[in-house]
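So this one's coords-v2.txt, compact mmCIF, C-alpha atoms and all ligand atoms:
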# COMPACT_ATOMS: atom_id res chain seq x y z
CA MET A 1 0.00 0.00 0.00
CA LYS A 2 1.51 3.32 -1.07
CA SER A 3 1.37 6.25 1.29
CA ARG A 4 3.98 8.70 -0.05
CA LEU A 5 4.43 10.22 -3.50
CA VAL A 6 7.92 11.72 -3.42
CA LEU A 7 8.56 14.19 -6.23
CA PHE A 8 12.08 15.32 -7.01
CA ASP A 9 13.13 18.47 -8.79
CA ILE A 10 16.18 17.91 -11.03
CA ASP A 11 18.46 20.97 -11.43
CA GLY A 12 20.12 21.97 -8.17
CA THR A 13 18.39 19.10 -6.35
CA ILE A 14 19.43 15.83 -8.06
CA LEU A 15 22.23 17.26 -10.19
CA LEU A 16 23.88 20.25 -11.80
CA THR A 17 24.78 20.22 -15.49
CA ALA A 18 27.71 22.66 -15.21
CA GLY A 19 25.85 25.20 -17.29
CA ALA A 20 24.90 22.84 -20.14
CA GLY A 21 21.20 23.64 -19.78
CA ARG A 22 21.77 27.38 -19.73
CA ARG A 23 24.12 27.25 -22.74
CA ALA A 24 21.64 25.14 -24.75
CA ILE A 25 18.67 27.37 -24.06
CA THR A 26 20.52 30.63 -24.74
CA THR A 27 21.98 29.17 -27.97
CA ALA A 28 18.44 28.28 -29.11
CA LEU A 29 17.42 31.88 -28.42
CA HIS A 30 20.51 33.32 -30.13
CA GLU A 31 19.66 31.32 -33.25
CA ALA A 32 16.09 32.60 -33.22
CA VAL A 33 16.44 36.27 -32.28
CA GLY A 34 20.18 37.00 -32.20
CA PRO A 35 22.30 37.60 -29.12
CA ALA A 36 20.88 39.78 -26.39
CA ASP A 37 22.78 41.09 -23.37
CA ALA A 38 19.51 40.94 -21.45
CA PHE A 39 19.68 37.10 -21.47
CA ALA A 40 22.36 37.20 -18.77
CA GLU A 41 19.95 38.93 -16.41
CA VAL A 42 17.26 36.23 -16.54
CA ARG A 43 17.42 33.81 -13.63
CA PHE A 44 16.54 30.21 -14.60
CA ASP A 45 16.25 28.29 -11.33
CA GLY A 46 12.79 27.37 -10.10
CA LYS A 47 11.26 28.14 -13.51
CA THR A 48 9.87 25.86 -16.21
CA ASP A 49 11.60 25.65 -19.60
CA PRO A 50 8.68 27.30 -21.47
CA GLN A 51 8.61 30.02 -18.80
CA ILE A 52 12.37 30.61 -19.26
CA VAL A 53 12.03 30.75 -23.05
CA GLY A 54 9.15 33.22 -22.70
CA GLU A 55 11.17 35.43 -20.36
CA LEU A 56 14.20 35.33 -22.69
CA LEU A 57 12.03 36.28 -25.68
CA ALA A 58 10.55 39.13 -23.65
CA ALA A 59 14.03 40.24 -22.51
CA ALA A 60 15.10 40.37 -26.17
CA GLY A 61 11.97 42.35 -27.05
CA HIS A 62 10.58 39.52 -29.17
CA MET A 63 7.30 38.56 -27.54
CA GLY A 64 4.70 38.67 -30.23
CA PRO A 65 1.62 36.77 -31.43
CA HIS A 66 1.75 32.95 -31.78
CA GLU A 67 4.09 32.84 -28.82
CA ALA A 68 2.93 29.40 -27.64
CA GLU A 69 3.97 27.74 -30.93
CA ARG A 70 7.20 29.68 -30.97
CA ILE A 71 8.04 28.71 -27.40
CA GLU A 72 7.27 25.05 -28.17
CA ALA A 73 9.55 25.13 -31.24
CA LEU A 74 12.34 26.77 -29.23
CA CYS A 75 12.00 24.11 -26.52
CA ARG A 76 12.36 21.40 -29.19
CA ARG A 77 15.49 23.06 -30.55
CA TYR A 78 16.80 23.40 -26.99
CA VAL A 79 16.51 19.63 -26.44
CA THR A 80 18.67 18.96 -29.52
CA LEU A 81 21.27 21.45 -28.33
CA LEU A 82 21.11 20.12 -24.77
CA GLU A 83 21.99 16.61 -25.92
CA ARG A 84 25.13 18.03 -27.58
CA GLU A 85 26.05 20.18 -24.58
CA LEU A 86 25.68 17.28 -22.15
CA ALA A 87 28.05 15.19 -24.32
CA GLU A 88 30.79 17.83 -23.98
CA PRO A 89 33.49 16.80 -21.50
CA ALA A 90 33.38 20.30 -20.04
CA GLY A 91 29.68 19.81 -19.38
CA ALA A 92 30.39 17.18 -16.72
CA THR A 93 27.05 16.69 -15.00
CA ARG A 94 27.47 16.23 -11.27
CA LEU A 95 25.11 14.48 -8.86
CA MET A 96 24.41 16.36 -5.64
CA PRO A 97 25.73 14.84 -2.38
CA GLY A 98 23.58 12.03 -0.99
CA VAL A 99 21.27 11.68 -3.99
CA GLN A 100 22.15 8.06 -4.86
CA PRO A 101 21.89 6.71 -1.28
CA LEU A 102 18.63 8.62 -0.74
CA LEU A 103 17.08 7.22 -3.93
CA GLU A 104 18.17 3.70 -2.93
CA ALA A 105 16.72 4.17 0.56
CA LEU A 106 13.41 5.40 -0.87
CA GLU A 107 13.28 2.51 -3.35
CA ALA A 108 13.62 0.12 -0.40
CA HIS A 109 10.39 1.48 1.10
CA ASP A 110 7.29 -0.17 -0.38
CA GLU A 111 5.03 2.70 0.69
CA VAL A 112 7.01 5.19 -1.41
CA LEU A 113 6.28 5.99 -5.04
CA LEU A 114 9.08 7.97 -6.68
CA GLY A 115 8.41 10.71 -9.19
CA LEU A 116 9.75 13.87 -10.79
CA LEU A 117 8.38 17.38 -10.58
CA THR A 118 10.56 19.55 -12.74
CA GLY A 119 10.45 22.60 -14.96
CA ASN A 120 12.43 20.67 -17.55
CA VAL A 121 10.57 19.53 -20.64
CA ALA A 122 10.23 15.73 -20.38
CA GLU A 123 12.92 14.92 -22.96
CA GLY A 124 15.35 17.36 -21.34
CA ALA A 125 14.72 15.79 -17.93
CA ALA A 126 15.59 12.32 -19.25
CA LEU A 127 18.75 13.61 -20.98
CA LYS A 128 19.98 15.34 -17.82
CA LEU A 129 19.30 12.31 -15.59
CA ARG A 130 21.13 9.98 -17.99
CA ALA A 131 24.05 12.43 -18.13
CA GLY A 132 24.18 12.15 -14.33
CA GLY A 133 24.14 8.35 -14.48
CA ILE A 134 20.57 8.01 -13.23
CA ASP A 135 18.06 5.87 -15.12
CA PRO A 136 14.93 8.03 -15.63
CA ALA A 137 12.84 4.83 -15.28
CA ARG A 138 13.55 4.88 -11.54
CA PHE A 139 10.89 7.59 -11.36
CA ALA A 140 7.51 5.98 -11.91
CA VAL A 141 5.69 9.24 -12.65
CA GLY A 142 6.59 12.76 -13.64
CA ALA A 143 5.20 16.22 -14.25
CA TYR A 144 7.28 18.43 -16.52
CA GLY A 145 7.63 21.88 -17.96
CA SER A 146 6.24 20.35 -21.16
CA ASP A 147 2.98 19.65 -19.28
CA ALA A 148 2.51 23.18 -17.95
CA ALA A 149 4.57 26.38 -17.99
CA HIS A 150 3.13 27.35 -14.60
CA ARG A 151 4.94 25.31 -11.92
CA PRO A 152 2.05 25.33 -9.37
CA ASP A 153 0.01 23.34 -11.95
CA LEU A 154 2.51 20.46 -11.88
CA PRO A 155 1.84 18.81 -8.48
CA ALA A 156 -1.78 18.03 -9.38
CA ILE A 157 -0.65 16.57 -12.73
CA ALA A 158 1.90 14.33 -10.96
CA ALA A 159 -0.71 13.23 -8.40
CA GLU A 160 -3.22 12.30 -11.13
CA ARG A 161 -0.56 10.31 -12.99
CA ALA A 162 0.39 8.51 -9.79
CA ALA A 163 -3.17 7.32 -9.10
CA PRO A 164 -3.00 3.97 -11.00
CA LEU A 165 0.17 3.01 -9.08
CA PHE A 166 -0.81 4.62 -5.77
CA GLY A 167 -4.28 3.10 -5.65
CA ARG A 168 -5.95 6.52 -5.56
CA VAL A 169 -4.97 10.14 -6.15
CA PRO A 170 -2.45 11.00 -3.40
CA ARG A 171 -3.23 14.23 -1.65
CA GLY A 172 -2.10 16.60 1.08
CA HIS A 173 0.83 15.38 3.14
CA GLU A 174 1.00 12.16 1.14
CA VAL A 175 2.76 14.24 -1.53
CA VAL A 176 6.30 15.38 -0.72
CA ILE A 177 8.11 17.77 -3.04
CA ILE A 178 11.91 18.00 -2.84
CA GLY A 179 13.50 21.03 -4.46
CA ASP A 180 16.14 23.75 -4.24
CA THR A 181 14.18 26.97 -4.77
CA PRO A 182 11.33 28.94 -3.15
CA ALA A 183 9.28 28.07 -6.27
CA ASP A 184 9.61 24.35 -5.47
CA VAL A 185 8.46 25.00 -1.90
CA ALA A 186 5.50 27.14 -3.00
CA CYS A 187 4.25 25.01 -5.91
CA GLY A 188 2.72 22.27 -3.75
CA ALA A 189 0.32 24.62 -1.98
CA PRO A 190 -2.62 24.04 -4.38
CA ILE A 191 -2.79 20.36 -3.32
CA GLY A 192 -1.47 20.81 0.24
CA ALA A 193 1.77 18.94 -0.47
CA ARG A 194 4.71 19.08 1.91
CA ALA A 195 7.97 20.60 0.68
CA ILE A 196 11.48 19.61 1.66
CA ALA A 197 14.06 22.15 0.54
CA VAL A 198 17.74 21.53 -0.12
CA ALA A 199 20.37 24.25 -0.41
CA THR A 200 22.46 22.65 -3.19
CA GLY A 201 21.20 25.08 -5.83
CA GLY A 202 21.22 28.86 -5.80
CA TYR A 203 19.48 29.43 -2.45
CA SER A 204 20.89 29.12 1.07
CA VAL A 205 19.36 27.24 4.00
CA GLY A 206 18.33 30.64 5.37
CA ASP A 207 16.66 31.71 2.11
CA LEU A 208 14.68 28.45 1.99
CA ALA A 209 13.78 28.36 5.69
CA VAL A 210 11.63 31.47 5.37
CA CYS A 211 9.59 30.02 2.47
CA GLY A 212 7.48 27.62 4.50
CA ALA A 213 9.32 24.39 3.78
CA HIS A 214 8.51 21.47 6.08
CA ALA A 215 12.26 20.86 6.43
CA VAL A 216 15.42 22.37 4.97
CA PHE A 217 18.74 20.56 4.53
CA PRO A 218 22.15 21.90 3.44
CA ASP A 219 22.34 18.86 1.10
CA LEU A 220 20.76 15.39 0.94
CA SER A 221 23.72 13.51 2.43
CA ASP A 222 22.14 12.76 5.83
CA THR A 223 20.03 9.93 4.42
CA ALA A 224 18.43 8.98 7.76
CA ARG A 225 17.26 12.50 8.59
CA VAL A 226 16.04 13.27 5.07
CA LEU A 227 14.21 9.94 4.93
CA ALA A 228 12.60 10.62 8.31
CA ALA A 229 11.40 14.04 7.12
CA ILE A 230 9.96 12.47 3.94
CA LEU A 231 8.17 9.63 5.73
CA GLN A 232 6.92 11.74 8.65
MG MG B 301 15.83 23.24 -9.22
Would you mind writing the structure in this file as structure tokens?
Amino acid sequence: MKSRLVLFDIDGTILLTAGAGRRAITTALHEAVGPADAFAEVRFDGKTDPQIVGELLAAAGHMGPHEAERIEALCRRYVTLLERELAEPAGATRLMPGVQPLLEALEAHDEVLLGLLTGNVAEGAALKLRAGGIDPARFAVGAYGSDAAHRPDLPAIAAERAAPLFGRVPRGHEVVIIGDTPADVACGAPIGARAIAVATGGYSVGDLAVCGAHAVFPDLSDTARVLAAILQ
């Protein structure tokens, strides 16, 4: 009987791609609208890929009609470029401390269903996980930036997708979201999910502690304590 749907963010939580994601997405934008200094000012973490592309287009002064189709096409181009970037030796994708032991510990618990909740488009998520040496199939369900540009829409999508494996739609504290930004902490509110924040991305423990996370960890290396917070 399942009692926990545990949803992991990817960038800054499971791994970092040493800038491969940022290079791929800005290259896609350069190809489409030319270089723009304003790109450097757009922060990516906590946002979905379509949201990032939309903000980059806006920063370059190129938001016009038919933006949804344009954003979708740019996300497709980004995935092609991402695959190349991740293959670069300099792009060495790095797993965050404690991720492997934590995933193994969660997989050993029958009541846990593992999933992803990420702003990455689905194909980009799989590419990044493989680059980090993690089989995407270890996550039974996922909600992605390709499902919705608005992150707070993603937890309900993941919960619906989990229903056949969970036995029902998990809700409230049965859903645990693990992420590295205030946006990860906030996005579970519509379904009453619990958030566990980890300071391995661009935000400190202090930044994340004031966002209403159920627990905050400097990294995921204390498997016993993180597991206890998840299963609580
Ligand atoms: Mg993240």
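Residue nearest ligand MG 301 (chain B) within the list A:Ala209, A:Val42, A:Ile178, A:Leu127: A:Ile178 [criterion: smallest interatomic distance, all atoms listed in the file].
Here CA of Thr48 in chain A and CA of Val198 in chain A stand 18.4 Å from one another.
In this model, the gap between CA of Leu86 in chain A and CA of Gly21 in chain A comes to 8.1 Å.
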### Query
What is the distance between CA of Pro170 in chain A and CA of Leu220 in chain A, in Å to one decimal?
24.0 Å
### Message
With only C-alpha atoms as the counted atoms, please give the residues lying no more than 10 Å from range 102-117 of chain A, apart from itself and same-chain residues fewer than 3 positions off, as number ranges by chain.
### Response
A: 1-10, 14, 97-99, 120, 122, 125, 134, 136-145, 151, 154-155, 157-159, 161-162, 165-166, 174-179, 184, 187, 220-224, 226-227, 230-231
### Task
Show which residues sit within 8 Å of Gln51 in chain A, as a PyMOL selection string. Count all atoms listed in the file, and ignore same-chain residues fewer than 3 positions away.
chain A and resi 47-48+54-55+149-150
Closest pair table for chain A residues within 7 Å of ligand MG 301 (chain B), all atoms listed in the file, as a Markdown table:
| residue | atom | partner | partner_atom | distance |
| --- | --- | --- | --- | --- |
| A:Asp9 | CA | B:MG301 | MG | 5.5 |
| A:Ile10 | CA | B:MG301 | MG | 5.6 |
| A:Asp11 | CA | B:MG301 | MG | 4.1 |
| A:Gly12 | CA | B:MG301 | MG | 4.6 |
| A:Thr13 | CA | B:MG301 | MG | 5.7 |
| A:Asp45 | CA | B:MG301 | MG | 5.5 |
| A:Gly46 | CA | B:MG301 | MG | 5.2 |
| A:Gly179 | CA | B:MG301 | MG | 5.7 |
| A:Asp180 | CA | B:MG301 | MG | 5.0 |
| A:Thr181 | CA | B:MG301 | MG | 6.0 |
| A:Gly201 | CA | B:MG301 | MG | 6.6 |
Return range 47-83 of chain A, completed with N, CA and C atoms, as a compact mmCIF listing (two decimals), in the frame of the given file.
# COMPACT_ATOMS: atom_id res chain seq x y z
N LYS A 47 12.20 27.85 -12.42
CA LYS A 47 11.26 28.14 -13.51
C LYS A 47 11.14 26.95 -14.46
N THR A 48 10.03 26.92 -15.21
CA THR A 48 9.87 25.86 -16.21
C THR A 48 10.56 26.30 -17.50
N ASP A 49 10.93 25.31 -18.33
CA ASP A 49 11.60 25.65 -19.60
C ASP A 49 10.76 26.61 -20.46
N PRO A 50 9.46 26.34 -20.67
CA PRO A 50 8.68 27.30 -21.47
C PRO A 50 8.61 28.69 -20.84
N GLN A 51 8.61 28.73 -19.50
CA GLN A 51 8.61 30.02 -18.80
C GLN A 51 9.93 30.75 -19.06
N ILE A 52 11.06 30.01 -19.00
CA ILE A 52 12.37 30.61 -19.26
C ILE A 52 12.44 31.14 -20.69
N VAL A 53 12.00 30.33 -21.65
CA VAL A 53 12.03 30.75 -23.05
C VAL A 53 11.18 32.01 -23.24
N GLY A 54 10.02 32.03 -22.61
CA GLY A 54 9.15 33.22 -22.70
C GLY A 54 9.82 34.45 -22.12
N GLU A 55 10.50 34.28 -20.98
CA GLU A 55 11.17 35.43 -20.36
C GLU A 55 12.36 35.90 -21.19
N LEU A 56 13.07 34.95 -21.84
CA LEU A 56 14.20 35.33 -22.69
C LEU A 56 13.71 36.07 -23.94
N LEU A 57 12.61 35.58 -24.52
CA LEU A 57 12.03 36.28 -25.68
C LEU A 57 11.62 37.70 -25.29
N ALA A 58 10.98 37.81 -24.13
CA ALA A 58 10.55 39.13 -23.65
C ALA A 58 11.75 40.03 -23.41
N ALA A 59 12.82 39.45 -22.81
CA ALA A 59 14.03 40.24 -22.51
C ALA A 59 14.66 40.77 -23.79
N ALA A 60 14.53 39.97 -24.87
CA ALA A 60 15.10 40.37 -26.17
C ALA A 60 14.14 41.25 -26.96
N GLY A 61 12.96 41.51 -26.38
CA GLY A 61 11.97 42.35 -27.05
C GLY A 61 11.27 41.64 -28.18
N HIS A 62 11.15 40.30 -28.08
CA HIS A 62 10.58 39.52 -29.17
C HIS A 62 9.32 38.75 -28.80
N MET A 63 8.55 39.26 -27.85
CA MET A 63 7.30 38.56 -27.54
C MET A 63 6.22 39.09 -28.45
N GLY A 64 5.73 38.23 -29.32
CA GLY A 64 4.70 38.67 -30.23
C GLY A 64 3.54 37.70 -30.24
N PRO A 65 2.72 37.73 -31.30
CA PRO A 65 1.62 36.77 -31.43
C PRO A 65 2.18 35.36 -31.67
N HIS A 66 1.36 34.36 -31.56
CA HIS A 66 1.75 32.95 -31.78
C HIS A 66 2.89 32.54 -30.87
N GLU A 67 2.94 33.13 -29.68
CA GLU A 67 4.09 32.84 -28.82
C GLU A 67 4.11 31.40 -28.35
N ALA A 68 2.94 30.78 -28.15
CA ALA A 68 2.93 29.40 -27.64
C ALA A 68 3.64 28.46 -28.62
N GLU A 69 3.32 28.59 -29.92
CA GLU A 69 3.97 27.74 -30.93
C GLU A 69 5.46 28.02 -30.99
N ARG A 70 5.78 29.29 -30.90
CA ARG A 70 7.20 29.68 -30.97
C ARG A 70 7.98 29.11 -29.78
N ILE A 71 7.38 29.22 -28.61
CA ILE A 71 8.04 28.71 -27.40
C ILE A 71 8.21 27.19 -27.50
N GLU A 72 7.18 26.51 -28.02
CA GLU A 72 7.27 25.05 -28.17
C GLU A 72 8.40 24.68 -29.14
N ALA A 73 8.49 25.41 -30.25
CA ALA A 73 9.55 25.13 -31.24
C ALA A 73 10.92 25.39 -30.64
N LEU A 74 11.05 26.46 -29.86
CA LEU A 74 12.34 26.77 -29.23
C LEU A 74 12.71 25.71 -28.19
N CYS A 75 11.72 25.18 -27.48
CA CYS A 75 12.00 24.11 -26.52
C CYS A 75 12.47 22.85 -27.24
N ARG A 76 11.91 22.57 -28.42
CA ARG A 76 12.36 21.40 -29.19
C ARG A 76 13.81 21.58 -29.62
N ARG A 77 14.12 22.78 -30.12
CA ARG A 77 15.49 23.06 -30.55
C ARG A 77 16.45 22.96 -29.36
N TYR A 78 15.99 23.46 -28.22
CA TYR A 78 16.80 23.40 -26.99
C TYR A 78 17.17 21.96 -26.65
N VAL A 79 16.23 21.03 -26.78
CA VAL A 79 16.51 19.63 -26.44
C VAL A 79 17.63 19.07 -27.32
N THR A 80 17.60 19.39 -28.61
CA THR A 80 18.67 18.96 -29.52
C THR A 80 20.01 19.52 -29.09
N LEU A 81 20.02 20.80 -28.76
CA LEU A 81 21.27 21.45 -28.33
C LEU A 81 21.73 20.93 -26.97
N LEU A 82 20.77 20.63 -26.10
CA LEU A 82 21.11 20.12 -24.77
C LEU A 82 21.83 18.78 -24.87
N GLU A 83 21.36 17.93 -25.77
CA GLU A 83 21.99 16.61 -25.92
C GLU A 83 23.46 16.79 -26.29
